[in-house]
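Visitor: My file is work-v5.txt. It has compact mmCIF, C-alpha atoms:
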```txt
# COMPACT_ATOMS: atom_id res chain seq x y z
CA MET V 46 6.55 5.93 -11.57
CA PRO V 47 3.85 5.04 -8.99
CA THR V 48 5.03 3.92 -5.61
CA SER V 49 4.83 0.33 -4.43
CA ASN V 50 2.21 1.38 -1.88
CA THR V 51 0.00 2.55 -4.73
CA TYR V 52 0.43 -0.73 -6.53
CA LEU V 53 -0.33 -2.72 -3.41
CA ARG V 54 -3.43 -0.64 -2.76
CA CYS V 55 -4.75 -1.66 -6.16
CA ALA V 56 -3.74 -5.31 -5.85
CA LEU V 57 -5.21 -5.96 -2.43
CA VAL V 58 -8.91 -6.52 -1.85
CA ALA V 59 -9.88 -5.82 1.77
CA LEU V 60 -12.55 -8.32 2.72
CA PRO V 61 -14.47 -7.98 6.00
CA SER V 62 -16.06 -10.96 7.62
CA ALA V 63 -19.43 -11.55 5.99
CA GLY V 64 -20.23 -15.13 6.76
CA ARG V 65 -19.58 -16.45 3.27
CA CYS V 66 -17.37 -19.43 2.62
CA ARG V 67 -15.92 -17.90 -0.52
CA ALA V 68 -14.30 -15.03 1.39
CA SER V 69 -11.42 -17.24 2.46
CA SER V 70 -10.76 -18.16 -1.16
CA VAL V 71 -10.34 -14.54 -2.14
CA VAL V 72 -8.00 -13.95 0.77
CA VAL V 73 -5.88 -16.93 -0.35
CA PHE V 74 -5.12 -15.24 -3.64
CA GLY V 75 -4.80 -11.88 -1.92
CA CYS V 76 -1.71 -13.27 -0.22
CA VAL V 77 -0.14 -13.89 -3.62
CA LEU V 78 -0.91 -10.34 -4.69
CA VAL V 79 0.83 -8.96 -1.62
CA VAL V 80 4.07 -10.45 -2.89
CA ILE V 81 3.74 -9.30 -6.49
CA GLY V 82 1.69 -6.14 -6.06
CA ALA V 83 4.62 -3.80 -6.66
CA CYS V 84 4.58 -4.72 -10.34
CA CYS V 85 0.85 -4.64 -11.03
CA PHE V 86 -0.82 -1.88 -12.98
CA CYS V 87 -3.00 0.33 -10.82
CA PRO V 88 -6.31 1.38 -12.40
CA SER V 89 -5.98 4.89 -11.04
CA ALA V 90 -2.42 5.17 -12.29
CA ILE V 91 -3.51 4.10 -15.74
CA ALA V 92 -6.42 6.48 -15.75
CA GLN V 93 -4.25 9.41 -14.79
CA THR V 94 -1.33 8.79 -17.13
CA SER V 95 -2.54 7.11 -20.30
CA ASP V 96 -4.59 9.40 -22.48
CA SER V 97 -4.13 11.08 -25.82
CA ARG V 98 -5.26 14.47 -24.50
CA THR V 99 -2.72 17.15 -23.67
CA ALA V 100 -1.24 17.48 -20.20
CA GLU V 101 -2.62 20.99 -19.89
CA GLU V 102 -6.22 19.81 -20.13
CA PRO V 103 -7.61 19.15 -16.63
CA ILE V 104 -8.62 15.61 -15.75
CA LYS V 105 -12.36 15.56 -15.05
CA SER V 106 -13.07 12.03 -13.88
CA TRP V 107 -12.16 8.43 -14.56
CA THR V 108 -13.46 4.90 -14.17
CA ALA V 109 -11.44 1.67 -14.14
CA THR V 110 -12.50 -1.97 -14.11
CA THR V 111 -10.17 -4.81 -13.14
CA ASP V 112 -11.08 -8.48 -13.71
CA LEU V 113 -9.17 -10.93 -11.54
CA LYS V 114 -9.93 -14.37 -12.93
CA SER V 115 -8.25 -17.71 -12.51
CA ASP V 116 -9.34 -19.35 -15.77
CA ASP V 117 -9.26 -22.58 -13.75
CA LEU V 118 -5.51 -22.13 -13.26
CA ILE V 119 -5.91 -22.43 -9.51
CA SER V 120 -9.08 -23.97 -8.16
CA GLN V 121 -9.26 -22.04 -4.89
CA ARG V 122 -9.40 -18.63 -6.55
CA ILE V 123 -12.80 -17.04 -7.14
CA PRO V 124 -13.21 -14.52 -9.99
CA VAL V 125 -13.25 -10.97 -8.64
CA ARG V 126 -14.14 -7.69 -10.35
CA ILE V 127 -12.98 -4.33 -8.97
CA ILE V 128 -14.60 -1.14 -10.23
CA GLU V 129 -12.97 2.17 -9.24
CA SER V 130 -14.07 5.71 -10.00
CA HIS V 131 -12.91 9.20 -9.16
CA SER V 132 -14.61 12.59 -9.42
CA GLU V 133 -14.28 16.06 -7.97
CA ASN V 134 -16.79 18.84 -7.57
CA GLY V 135 -15.34 22.10 -6.28
CA ASN V 136 -13.48 21.42 -3.03
CA ARG V 137 -14.98 17.94 -2.60
CA THR V 138 -13.40 14.77 -4.00
CA LEU V 139 -15.08 11.38 -4.12
CA ASP V 140 -13.35 8.05 -4.76
CA LYS V 141 -15.32 4.82 -4.96
CA ARG V 142 -14.26 1.19 -5.14
CA SER V 143 -16.67 -1.70 -5.57
CA VAL V 144 -15.68 -5.36 -5.24
CA GLU V 145 -17.84 -7.96 -6.95
CA ILE V 146 -17.51 -11.75 -6.68
CA ARG V 147 -18.92 -14.25 -9.13
CA GLY V 148 -21.73 -16.25 -7.55
CA THR V 149 -22.76 -19.85 -8.05
CA ASP V 150 -25.06 -18.79 -10.92
CA GLY V 151 -22.10 -17.36 -12.85
CA HIS V 152 -23.08 -13.72 -12.40
CA PHE V 153 -21.08 -11.14 -10.50
CA GLU V 154 -22.71 -9.91 -7.31
CA PRO V 155 -21.71 -7.08 -4.94
CA TYR V 156 -19.41 -7.94 -2.06
CA GLN V 157 -17.88 -4.73 -0.73
CA ASP V 158 -18.06 -0.98 -1.42
CA VAL V 159 -15.62 1.67 -0.20
CA GLU V 160 -16.26 5.40 -0.48
CA LYS V 161 -13.59 7.97 0.30
CA GLU V 162 -14.70 11.58 0.49
CA THR V 163 -12.15 14.38 0.83
CA LEU V 164 -13.18 17.93 1.69
CA THR V 165 -10.71 20.82 1.47
CA VAL V 166 -12.15 23.20 4.07
CA ASP V 167 -9.52 25.89 3.53
CA ALA V 168 -5.81 26.24 2.77
CA SER V 169 -4.88 24.71 6.14
CA THR V 170 -7.61 22.13 6.81
CA VAL V 171 -8.53 18.92 4.98
CA ARG V 172 -11.14 16.42 6.19
CA THR V 173 -11.42 12.87 4.90
CA ALA V 174 -14.08 10.25 5.57
CA MET V 175 -13.81 6.64 4.39
CA ARG V 176 -16.87 4.39 4.64
CA THR V 177 -16.80 0.65 4.06
CA PHE V 178 -19.95 -1.29 3.23
CA ALA V 179 -20.38 -5.06 2.96
CA ARG V 180 -23.21 -7.52 2.40
CA ASP V 181 -24.59 -9.49 5.32
CA VAL V 182 -25.81 -13.10 5.17
CA ASN V 183 -29.11 -11.87 3.72
CA GLY V 184 -27.39 -9.92 0.96
CA MET V 185 -28.30 -6.55 2.45
CA THR V 186 -25.85 -3.64 2.43
CA ALA V 187 -24.43 -2.84 5.87
CA LEU V 188 -21.96 -0.21 7.06
CA VAL V 189 -19.01 -2.08 8.60
CA GLN V 190 -16.47 0.69 9.22
CA VAL V 191 -15.99 4.46 9.14
CA ARG V 192 -12.62 6.17 9.24
CA GLU V 193 -12.44 9.93 9.70
CA GLU V 194 -9.35 12.11 9.40
CA GLU V 195 -8.74 15.81 9.93
CA LYS V 196 -5.44 17.37 8.92
CA HIS V 197 -4.30 20.85 9.92
CA ILE V 198 -1.33 22.62 8.36
CA LEU V 199 0.18 24.86 11.03
CA PRO V 200 2.64 27.79 10.74
CA GLY V 201 6.28 26.84 10.23
CA ASP V 202 5.47 23.78 8.10
CA GLU V 203 4.08 21.99 11.13
CA SER V 204 1.04 19.74 10.92
CA ASN V 205 -1.43 17.85 13.09
CA ILE V 206 -3.46 14.83 11.97
CA VAL V 207 -6.18 13.06 13.94
CA ARG V 208 -7.63 9.79 12.61
CA VAL V 209 -10.51 7.95 14.27
CA THR V 210 -11.86 4.55 13.18
CA TYR V 211 -15.39 3.49 14.09
CA ASN V 212 -16.98 0.03 13.95
CA PRO V 213 -20.67 -0.74 14.59
CA ASP V 214 -21.59 -2.55 17.80
CA VAL V 215 -24.18 -5.34 18.05
CA ASN V 216 -26.93 -2.72 17.84
CA GLY V 217 -25.44 -1.07 14.77
CA ARG V 218 -24.25 2.04 16.61
CA LEU V 219 -20.80 3.29 15.60
CA GLN V 220 -18.19 3.04 18.35
CA PRO V 221 -14.57 4.31 18.21
CA VAL V 222 -12.09 1.41 18.03
CA GLN V 223 -8.89 3.27 17.12
CA ARG V 224 -7.57 6.81 17.47
CA GLU V 225 -4.33 8.01 15.92
CA ILE V 226 -2.67 11.36 16.57
CA VAL V 227 0.26 12.50 14.40
CA ASP V 228 2.19 15.71 15.08
CA THR V 229 5.00 16.95 12.84
CA LYS V 230 7.26 19.90 13.58
CA LYS V 231 10.73 21.28 12.94
CA ILE V 232 13.11 21.06 15.91
CA GLY V 233 16.22 22.40 14.23
CA LYS V 234 17.83 23.30 10.94
CA ASP V 235 17.09 20.55 8.41
CA LEU V 236 15.67 18.41 11.27
CA GLU V 237 12.01 17.37 11.48
CA GLU V 238 10.26 15.38 14.20
CA THR V 239 7.04 13.36 13.88
CA ASN V 240 5.36 11.86 16.93
CA LYS V 241 2.51 9.38 16.56
CA THR V 242 0.35 7.79 19.24
CA VAL V 243 -2.14 5.01 18.46
CA MET V 244 -4.93 4.13 20.88
CA LEU V 245 -6.99 0.93 20.65
CA THR V 246 -9.97 -0.47 22.50
CA SER V 247 -9.16 -1.56 26.05
CA ILE V 248 -10.52 -4.55 27.99
CA ASN V 249 -11.63 -1.98 30.57
CA GLY V 250 -13.63 -0.07 27.98
CA GLY V 251 -12.77 3.01 25.96
CA LEU V 252 -9.48 3.58 24.18
CA ALA V 253 -6.01 3.11 25.67
CA PRO V 254 -2.51 3.79 24.24
CA ALA V 255 -1.31 0.75 22.26
CA PHE V 256 1.98 2.04 20.84
CA LYS V 257 3.78 5.24 19.97
CA THR V 258 6.51 6.19 17.53
CA ARG V 259 9.00 9.02 17.11
CA GLU V 260 10.57 9.75 13.76
CA LEU V 261 13.52 12.07 13.26
CA ARG V 262 14.16 13.13 9.67
CA LYS V 263 17.34 15.01 8.84
CA ARG V 264 18.52 16.41 5.53
CA ALA V 265 22.26 15.99 5.24
CA ALA V 266 24.83 16.89 2.61
CA ASN V 267 24.88 15.46 -0.94
CA ASP V 268 21.08 15.13 -1.15
CA THR V 269 21.00 12.61 1.67
CA VAL V 270 18.07 12.12 4.05
CA GLU V 271 18.64 10.28 7.33
CA THR V 272 15.65 8.90 9.23
CA GLU V 273 15.35 7.19 12.60
CA ASN V 274 12.02 5.73 13.66
CA THR V 275 11.62 4.41 17.22
CA THR V 276 8.61 2.41 18.46
CA TRP V 277 7.54 1.91 22.07
CA LEU V 278 4.95 -0.49 23.52
CA PRO V 279 3.35 -0.32 26.99
CA ASP V 280 4.12 -3.09 29.47
CA VAL V 281 1.59 -4.62 31.90
CA ASN V 282 1.97 -1.57 34.14
CA GLY V 283 1.45 0.90 31.32
CA LYS V 284 5.11 1.93 31.22
CA TRP V 285 6.57 2.50 27.77
CA GLN V 286 9.22 -0.01 26.68
CA LEU V 287 11.45 0.21 23.59
CA SER V 288 10.21 -2.23 20.93
CA GLU V 289 12.09 -1.38 17.74
CA THR V 290 14.36 1.16 16.04
CA ARG V 291 14.61 1.64 12.29
CA GLN V 292 17.40 3.66 10.73
CA SER V 293 17.37 4.54 7.04
CA THR V 294 19.53 6.61 4.70
CA THR V 295 18.28 7.82 1.33
CA THR V 296 20.71 9.23 -1.24
CA ASP V 297 19.61 10.80 -4.54
CA GLU V 298 21.96 11.42 -7.41
CA ALA V 299 20.48 12.52 -10.76
CA LYS V 300 18.02 9.74 -11.67
CA ASP V 301 19.50 7.22 -9.23
CA ARG V 302 18.43 6.57 -5.66
CA ARG V 303 19.79 4.34 -2.92
CA ILE V 304 17.94 3.50 0.31
CA GLU V 305 19.42 1.48 3.14
CA GLU V 306 17.32 0.54 6.18
CA LYS V 307 18.49 -1.22 9.34
CA VAL V 308 16.15 -2.66 11.97
CA PHE V 309 17.17 -3.12 15.60
CA ARG V 310 15.22 -4.88 18.38
CA PRO V 311 16.04 -5.64 22.01
CA ASP V 312 16.90 -9.22 22.97
CA ALA V 313 15.78 -11.08 26.08
CA GLU V 314 18.23 -9.05 28.15
CA GLY V 315 17.07 -5.74 26.69
CA LYS V 316 20.19 -5.27 24.57
CA LEU V 317 19.49 -3.67 21.17
CA GLY V 318 20.71 -5.75 18.24
CA GLN V 319 20.32 -5.62 14.46
CA ILE V 320 17.88 -8.16 13.03
CA SER V 321 17.56 -7.09 9.37
CA ARG V 322 18.90 -4.85 6.63
CA VAL V 323 17.20 -3.80 3.39
CA VAL V 324 19.08 -2.16 0.52
CA SER V 325 17.16 -0.60 -2.39
CA GLN V 326 18.72 0.66 -5.62
CA GLU V 327 16.66 2.61 -8.16
CA SER V 328 18.06 3.80 -11.48
CA GLU V 329 17.04 5.04 -14.93
CA ASN V 330 19.26 4.82 -18.00
CA THR V 331 19.47 7.15 -20.99
CA SER V 332 16.86 5.16 -22.94
CA GLY V 333 14.31 5.66 -20.17
CA GLU V 334 14.37 2.14 -18.72
CA LYS V 335 13.71 2.14 -14.98
CA ARG V 336 15.22 -0.54 -12.77
CA SER V 337 14.83 -1.30 -9.08
CA VAL V 338 16.59 -3.92 -6.97
CA VAL V 339 15.61 -4.54 -3.33
CA GLU V 340 17.72 -6.98 -1.28
CA THR V 341 16.66 -8.12 2.18
CA TYR V 342 19.12 -9.49 4.73
CA SER V 343 17.94 -11.12 7.97
CA ILE V 344 19.23 -13.07 10.94
CA ASP V 345 16.33 -15.48 10.34
CA VAL V 346 16.83 -17.82 7.38
CA PRO V 347 14.03 -20.32 6.61
CA GLY V 348 15.18 -23.86 7.30
CA THR V 349 18.18 -22.93 9.50
CA MET V 350 18.98 -21.86 13.04
CA ARG V 351 20.21 -18.37 13.88
CA ASP V 352 23.97 -17.91 13.81
CA GLY V 353 23.99 -14.22 14.78
CA SER V 354 24.83 -12.98 11.26
CA LEU V 355 22.76 -11.35 8.53
CA HIS V 356 22.06 -13.42 5.40
CA LEU V 357 20.49 -12.54 2.05
CA VAL V 358 16.97 -14.03 2.10
CA GLU V 359 15.13 -12.17 -0.69
CA ARG V 360 15.78 -10.12 -3.81
CA LYS V 361 13.14 -8.23 -5.82
CA THR V 362 14.12 -6.95 -9.25
CA SER V 363 11.73 -4.67 -11.16
CA THR V 364 12.06 -3.10 -14.59
CA GLU V 365 9.84 -0.69 -16.53
CA ASN V 366 10.07 0.32 -20.17
CA SER V 367 7.94 2.86 -22.06
CA SER V 368 7.64 3.33 -25.80
CA SER V 369 7.13 6.54 -27.77
CA THR V 370 3.46 5.59 -28.22
CA GLY V 371 2.87 5.46 -24.44
CA GLU V 372 2.87 1.67 -24.21
CA ARG V 373 4.45 0.43 -20.96
CA ALA V 374 5.91 -2.95 -20.04
CA THR V 375 6.97 -4.02 -16.56
CA GLN V 376 8.47 -7.11 -15.00
CA GLN V 377 9.18 -8.12 -11.44
CA LYS V 378 11.18 -11.11 -10.28
CA VAL V 379 11.04 -12.26 -6.66
CA GLU V 380 13.87 -14.55 -5.54
CA GLN V 381 13.74 -16.16 -2.11
CA THR V 382 15.56 -18.71 0.00
CA ASN V 383 14.41 -22.30 -0.44
CA PRO V 384 13.55 -23.62 3.06
CA GLY V 385 14.27 -27.16 1.83
CA ASP V 386 17.78 -26.21 0.74
CA PRO V 387 18.75 -22.92 2.41
CA GLY V 388 22.40 -23.31 1.51
CA ALA V 389 21.69 -23.25 -2.22
CA GLY V 390 21.07 -19.51 -2.30
CA LEU V 391 18.09 -17.71 -3.76
CA ARG V 392 15.71 -19.17 -6.33
CA LEU V 393 13.02 -17.56 -8.45
CA SER V 394 9.66 -17.83 -6.65
CA VAL V 395 7.38 -15.28 -8.38
CA LEU V 396 7.52 -13.72 -11.85
CA VAL V 397 5.12 -10.96 -12.94
CA ASP V 398 4.87 -9.54 -16.45
CA GLY V 399 2.70 -6.49 -17.09
CA ARG V 400 1.77 -4.64 -20.24
CA MET V 401 -0.27 -1.44 -20.61
CA VAL V 402 -1.54 -0.17 -23.95
CA PRO V 403 -3.06 3.35 -24.10
CA GLY V 404 -6.00 4.25 -26.30
CA PRO V 405 -7.84 7.39 -27.40
CA ALA V 406 -10.22 7.22 -24.42
CA GLY V 407 -8.28 5.22 -21.83
CA ALA V 408 -5.99 2.23 -21.44
CA GLN V 409 -5.95 -1.52 -21.11
CA SER V 410 -3.41 -3.56 -19.18
CA THR V 411 -2.66 -7.23 -18.73
CA VAL V 412 -0.78 -8.75 -15.81
CA THR V 413 0.48 -12.35 -16.01
CA ILE V 414 1.53 -13.94 -12.73
CA ARG V 415 3.74 -17.01 -12.44
CA ALA V 416 4.55 -18.61 -9.09
CA ARG V 417 6.39 -21.68 -7.87
CA ASP V 418 4.08 -24.43 -6.63
CA SER V 419 4.62 -27.01 -3.87
CA ASN V 420 6.45 -29.25 -6.34
CA GLY V 421 8.93 -26.52 -7.21
CA ASN V 422 7.50 -25.85 -10.67
CA LEU V 423 7.00 -22.28 -11.93
CA GLY V 424 3.63 -21.97 -13.67
CA ILE V 425 0.99 -19.41 -14.57
CA VAL V 426 -1.49 -18.76 -11.76
CA SER V 427 -3.46 -15.90 -13.34
CA VAL V 428 -3.85 -13.52 -16.24
CA ASP V 429 -5.63 -10.33 -15.11
CA THR V 430 -6.91 -7.45 -17.19
CA THR V 431 -7.75 -3.84 -16.34
CA LYS V 432 -9.68 -1.36 -18.49
CA ALA V 433 -9.68 2.32 -17.57
CA ASP V 434 -11.39 5.28 -19.17
CA ARG V 435 -11.31 9.02 -18.62
CA ILE V 436 -14.53 10.77 -19.48
CA PRO V 437 -14.30 14.59 -19.65
CA THR V 438 -17.17 16.47 -18.05
CA VAL V 439 -17.70 20.15 -17.47
CA GLN V 440 -18.92 20.01 -13.87
CA ILE V 441 -16.32 17.67 -12.36
CA GLN V 442 -12.61 18.14 -11.73
CA GLN V 443 -10.05 15.73 -10.32
CA THR V 444 -7.40 15.71 -7.62
CA PRO V 445 -5.47 12.50 -6.86
CA THR V 446 -5.86 11.15 -3.32
CA GLU V 447 -3.37 8.96 -1.52
CA LYS V 448 -1.70 8.65 1.84
CA PRO V 449 -1.20 11.75 4.03
```
Write out the structure in this file as structure tokens.

Guide:
Amino acid sequence: MPTSNTYLRCALVALPSAGRCRASSVVVFGCVLVVIGACCFCPSAIAQTSDSRTAEEPIKSWTATTDLKSDDLISQRIPVRIIESHSENGNRTLDKRSVEIRGTDGHFEPYQDVEKETLTVDASTVRTAMRTFARDVNGMTALVQVREEEKHILPGDESNIVRVTYNPDVNGRLQPVQREIVDTKKIGKDLEETNKTVMLTSINGGLAPAFKTRELRKRAANDTVETENTTWLPDVNGKWQLSETRQSTTTDEAKDRRIEEKVFRPDAEGKLGQISRVVSQESENTSGEKRSVVETYSIDVPGTMRDGSLHLVERKTSTENSSSTGERATQQKVEQTNPGDPGAGLRLSVLVDGRMVPGPAGAQSTVTIRARDSNGNLGIVSVDTTKADRIPTVQIQQTPTEKP
């Protein structure tokens, strides 16, 4: 089952500033997709899992097209088309994503292109370059961002990752705007440490440390993983100050998983106190149905004042069913507190139904999104479709690419 991050990556459309009034309209609907993205069908996921060919046959390449259209269901949403492709040649992988927006003449026109190239130098070194292109006011293609990453696998399961993001200046020359260094190493039996430092552009020029994190990951008994992630921010004098601590415990048992995360932040007096708690339960029954429930508790409840206690403010329930023919159906319900009546408990705010049907050369999926409007009514806001195909070729091979 693909992760929620994968689903969100497919649902979101990153839109740089391009001086077009319609950009804001796309972003408006993007906010809705952030909420429901965990239930959407990802084109890449479809392309990699829904095919009548045998599992032993290598995947050569795939292409997927997603049409996001409002059908006049919400006036502020502009039809968007996302075309994704993947191919591999030897040790080089290329992923492309093109975003098109329907113009005033009714035809789709290019808006943004993203290319991600991954090069496996050797068994211990991988380089990745992501380039983002957009259209300027004259409709010309312009490079708006480059992100480069180099990952080294070191002896003892240690690793080092350096990521640098570049943006063009007024003269079009690329300048570094962010640098991220991630080091992972073992510091004891079943104990792993990851230190990350992020540097951003400074008012004095160049890059300066913006925040740093330290994650401790420990494998405990009964298939339990305990993680503590601490974040520091620099004060006006450049001295590191504690900003946040996250503690999580993950327990696996057969096909069931439970994750509990607690977030602590210092108050005005510097005393660390808990501000939220998230509990996730994932399970799969004997018939193959997958179910996930995520409950969020917070000291902040919309429409009320803090009372120092944690309260349930959101519940996400997701289900997934697959048939013997490969057809897959998903549903996600998002329940949230009503700011107008916080004492009434949770109410359904978003409902997403998805259906994927495989075919001999690919798959087609439909996602229907219902959301509660300002009058409290739950109605359809969109019906989106995705078509994906996998075309076998002799020269190209495929390797999936995702987060490091």

Visitor: Which value, in Å to one decimal, gives the distance between CA of Ser130 (chain V) and CA of Arg218 (chain V)?

Guide: 28.7 Å

Visitor: Residues within 8 Å of Ile206 (chain V), please, as a list in words. Count all atoms listed in the file; anything in the same chain fewer than 3 positions from it doesn't count.

Guide: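 Surrounding residues, per the criterion: Glu194, Glu195, Lys196, His197, Glu225, Ile226, Val227 and Asp228 of chain V.
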
Visitor: State, in Å with one decimal place, the distance from CA of Val308 (chain V) to CA of Glu289 (chain V).

Guide: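 It comes out at 7.2 Å.
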
Visitor: To box region 249-255 of chain V, take all atoms listed in the file, fit an axis-aligned box, add 4 Å on each side, and give centre and edge lengths in Å to one decimal, as lines of an AutoDock Vina configuration file.

Guide:
```
center_x = -7.5
center_y = 0.9
center_z = 26.4
size_x = 20.3
size_y = 13.8
size_z = 16.3
```

Visitor: Pick out the residues sitting within 9 Å of region 411-416 of chain V, and hand them over as a ChimeraX atom specification; count all atoms listed in the file, and ignore anything fewer than 4 positions along from it in its own chain.

Guide: /V:77,81,84-86,393-402,422-431

Visitor: Measure the distance from CA of Thr272 (chain V) to CA of Arg291 (chain V) in Å and round it to one decimal.

Guide: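 Calculated distance between CA of Thr272 (chain V) and CA of Arg291 (chain V) is 7.9 Å.
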